Amino acid sequence: MLCLGLEGTAHTLGVGVVDSEGRILSHVSRVYRPEKGGIHPREAARSHASQVKAAVKEALERAGVDLRDLDLFSFSAGPGLGPCLRVVATAARALSVLTGKPLVGVNHCIAHVEIGRLLTGAVDPVTLYVSGGNTQVIAFEEGRYRVFGETLDIPVGNCLDVFAREAGLSPPGGPGVERLARQGRRYLALPYVVKGMDLSFSGPLTEALRRHREGEDLRDLCFSLQETVFAALTEVTERAVAHTEKKEVLLTGGVASNLRLREMLEEMCRARGASLFVPPPEFCADNGAMIGWTGLLAHLHGVRQRVEEAVVRQRWRTDEVDIPWRR
Ligand code: AMP
Ligand code: MG
């Protein structure tokens with residue numbers, strides 16, 4: 001069975017063709033980059049709308065299949081930016097009506113976990129999902145993916161991006177901060193905020209920016225910001241591992257590229273007798289293949305949606321989703 005998945009929760013438009021054996025036949029990404037400042041949802045949506053037809057065509061060509069060969073369409077239904085979500089939902093509905101094949105809306109956060117399990121061989125991990133738009137610690141318990149901890153304000157990727165932008169580093173922010181952090185020597189204390197199992201990054205961001213304005217060394221600030229926010233992420237992940245007694249940790253999302261974060265998680269895993277898994281970078285980032293694969297899992301386990309039910313859910317929570325494929 002062949003599925004075409006459409007991702008469009010934020011700045012990445014992704015199209016992937018996946019089969020029911022878990023083979024990724026193709027994946028194509030078009031990333032919207034604002035000229036300056038942060039992402040503007042309507043601008044991003046306009047960019048996706050102008051590219052979606054070509055991206056679908058390219059994904060089909062690269063997979064060596066025809067539209068008629070597909071058995072299913074899936075799309076990222078949420079959580080995400082409304083205008084962007086509506087572009088891929090509309091495209092999926094159009095493709096479904098055109099071909100007479102079914103469609104299914106997929107939860108973006110769960111798709112990150114499922115493509116990670118598929119590609120790394122992790123079976124039942126605690127997932128740390130860290131990106132520009134999300135920060136969650138997720139694990140499967142009692143029939144659902146439960147959120148064990150999450151940010152109370154901004155996502156960690158956004159924290160790094162805003163700091164980098166205000167400090168004059170060129171986008172994307174995370175890699176720039178990582179590069180400078182390697183040259184940092186002094187740890188400057190920044191607010192370390194873990195509340196119960198939840199996290200907050202606006203405090204360390206504000207303080208790091210204040211000290212930047214005061215003329216503090218940028219390399220030391222990058223180093224200190226990373227140490228502070230990654231330690232908080234590692235702490236919450238560790239507590240989820242301890243609570244669930246799972247032996248695997250899956251790290252995903254754009255921030256998963258960061259070697260210092262990986263190092264901290266490796267050390268925590270070693271101390272707990274657990275293993276760390278990280279998918280290849282193009283599948284840590286938002287991509288169409290993860291939506292295609294999760295759509296297949298859902299469809300093959302009886303999830304059905306009528307075209308008129310295939311709507312977007314901007315605030316769709318990870319723990320609201322029924323997971324028949326892991327019963
Ligand atoms: P995503 O939201 O999953 O598309 O990933 C983009 C986010 O990942 C942005 O916030 C980037 O700054 C962040 N990112 C990418 N590479 C790195 C890195 N090496 N270290 C930290 N953050 C990163
Ligand atoms: Mg994502």
# chains A, B, ... in the order shown; residues from 1 in each chain; ligands from 1

call {"tool": "residues_near_ligand", "arguments": {"ligand": "ligand 2", "cutoff": "8 Å", "atoms": "only C-alpha atoms and all ligand atoms", "output": "list in words"}}
result
Thr9, His108, Cys109, His112, Tyr129, Val130, Ser131, Gly132, Gly133, Asn134, Gly253, Gly254, Cys284, Ala285 and Asp286 of chain A

call {"tool": "select_by_dssp", "arguments": {"residues": "segment 65-179 of chain A", "states": "strand (DSSP E or B)", "output": "ChimeraX atom specification"}}
result
/A:72-78,103-107,126-130,135-141,144-151

call {"tool": "closest_residue", "arguments": {"among": "A:Gln226, A:Asn158, A:Ser47, A:Gln183", "to": "ligand 1", "atoms": "only C-alpha atoms and all ligand atoms"}}
result
A:Asn158

call {"tool": "residues_around", "arguments": {"residues": "Ala189 of chain A", "least_positions_apart": "4", "cutoff": "10 Å", "atoms": "only C-alpha atoms", "output": "list in words"}}
result
Pro204, Glu207, Ala208, Leu221, Ser224, Leu225, Glu227 and Thr228 of chain A

call {"tool": "write_last_selection", "arguments": {"atoms": "all heavy atoms", "output": "compact mmCIF listing (two decimals), in the first residue's frame"}}
result
# COMPACT_ATOMS: atom_id res chain seq x y z
N PRO A 204 15.44 32.33 30.91
CA PRO A 204 16.84 32.33 30.48
C PRO A 204 17.07 33.18 29.23
O PRO A 204 18.11 33.83 29.10
CB PRO A 204 17.14 30.84 30.20
CG PRO A 204 15.85 30.11 30.29
CD PRO A 204 14.91 30.96 31.07
N GLU A 207 17.14 36.95 30.27
CA GLU A 207 18.35 37.27 31.03
C GLU A 207 19.60 37.24 30.12
O GLU A 207 20.47 38.11 30.21
CB GLU A 207 18.49 36.28 32.19
CG GLU A 207 19.73 36.48 33.04
CD GLU A 207 19.81 37.82 33.78
OE1 GLU A 207 18.84 38.60 33.73
OE2 GLU A 207 20.88 38.10 34.37
N ALA A 208 19.64 36.27 29.21
CA ALA A 208 20.79 36.20 28.29
C ALA A 208 20.82 37.44 27.40
O ALA A 208 21.89 38.02 27.14
CB ALA A 208 20.71 34.93 27.45
N LEU A 221 27.92 33.67 26.56
CA LEU A 221 26.46 33.69 26.68
C LEU A 221 25.84 32.52 25.92
O LEU A 221 24.91 31.88 26.40
CB LEU A 221 25.89 35.01 26.15
CG LEU A 221 25.93 36.17 27.15
CD1 LEU A 221 25.52 37.46 26.48
CD2 LEU A 221 25.01 35.87 28.35
N SER A 224 26.47 29.44 27.93
CA SER A 224 25.65 29.40 29.15
C SER A 224 24.18 29.14 28.84
O SER A 224 23.51 28.41 29.57
CB SER A 224 25.78 30.73 29.90
OG SER A 224 27.14 31.01 30.15
N LEU A 225 23.71 29.73 27.74
CA LEU A 225 22.31 29.50 27.38
C LEU A 225 22.10 28.03 27.04
O LEU A 225 21.15 27.40 27.51
CB LEU A 225 21.94 30.40 26.18
CG LEU A 225 20.48 30.36 25.74
CD1 LEU A 225 19.54 30.78 26.88
CD2 LEU A 225 20.24 31.27 24.52
N GLU A 227 23.95 25.40 28.00
CA GLU A 227 24.10 24.56 29.19
C GLU A 227 22.82 24.61 30.03
O GLU A 227 22.36 23.59 30.53
CB GLU A 227 25.29 25.04 30.03
CG GLU A 227 26.64 24.82 29.38
CD GLU A 227 26.93 23.37 29.03
OE1 GLU A 227 26.92 22.52 29.95
OE2 GLU A 227 27.16 23.08 27.85
N THR A 228 22.25 25.80 30.17
CA THR A 228 21.08 25.97 31.03
C THR A 228 19.86 25.27 30.45
O THR A 228 19.21 24.46 31.12
CB THR A 228 20.77 27.48 31.21
OG1 THR A 228 21.95 28.12 31.68
CG2 THR A 228 19.62 27.69 32.18

call {"tool": "closest_residue", "arguments": {"among": "A:Glu178, A:Glu114, A:Asp198, A:Asp19", "to": "ligand 1", "atoms": "only C-alpha atoms and all ligand atoms"}}
result
A:Glu178

call {"tool": "select_by_dssp", "arguments": {"residues": "segment 58-208 of chain A", "states": "helix (DSSP H, G or I)", "output": "PyMOL selection string"}}
result
chain A and resi 58-63+67-69+82-99+108-120+156-166+173-181+202-208
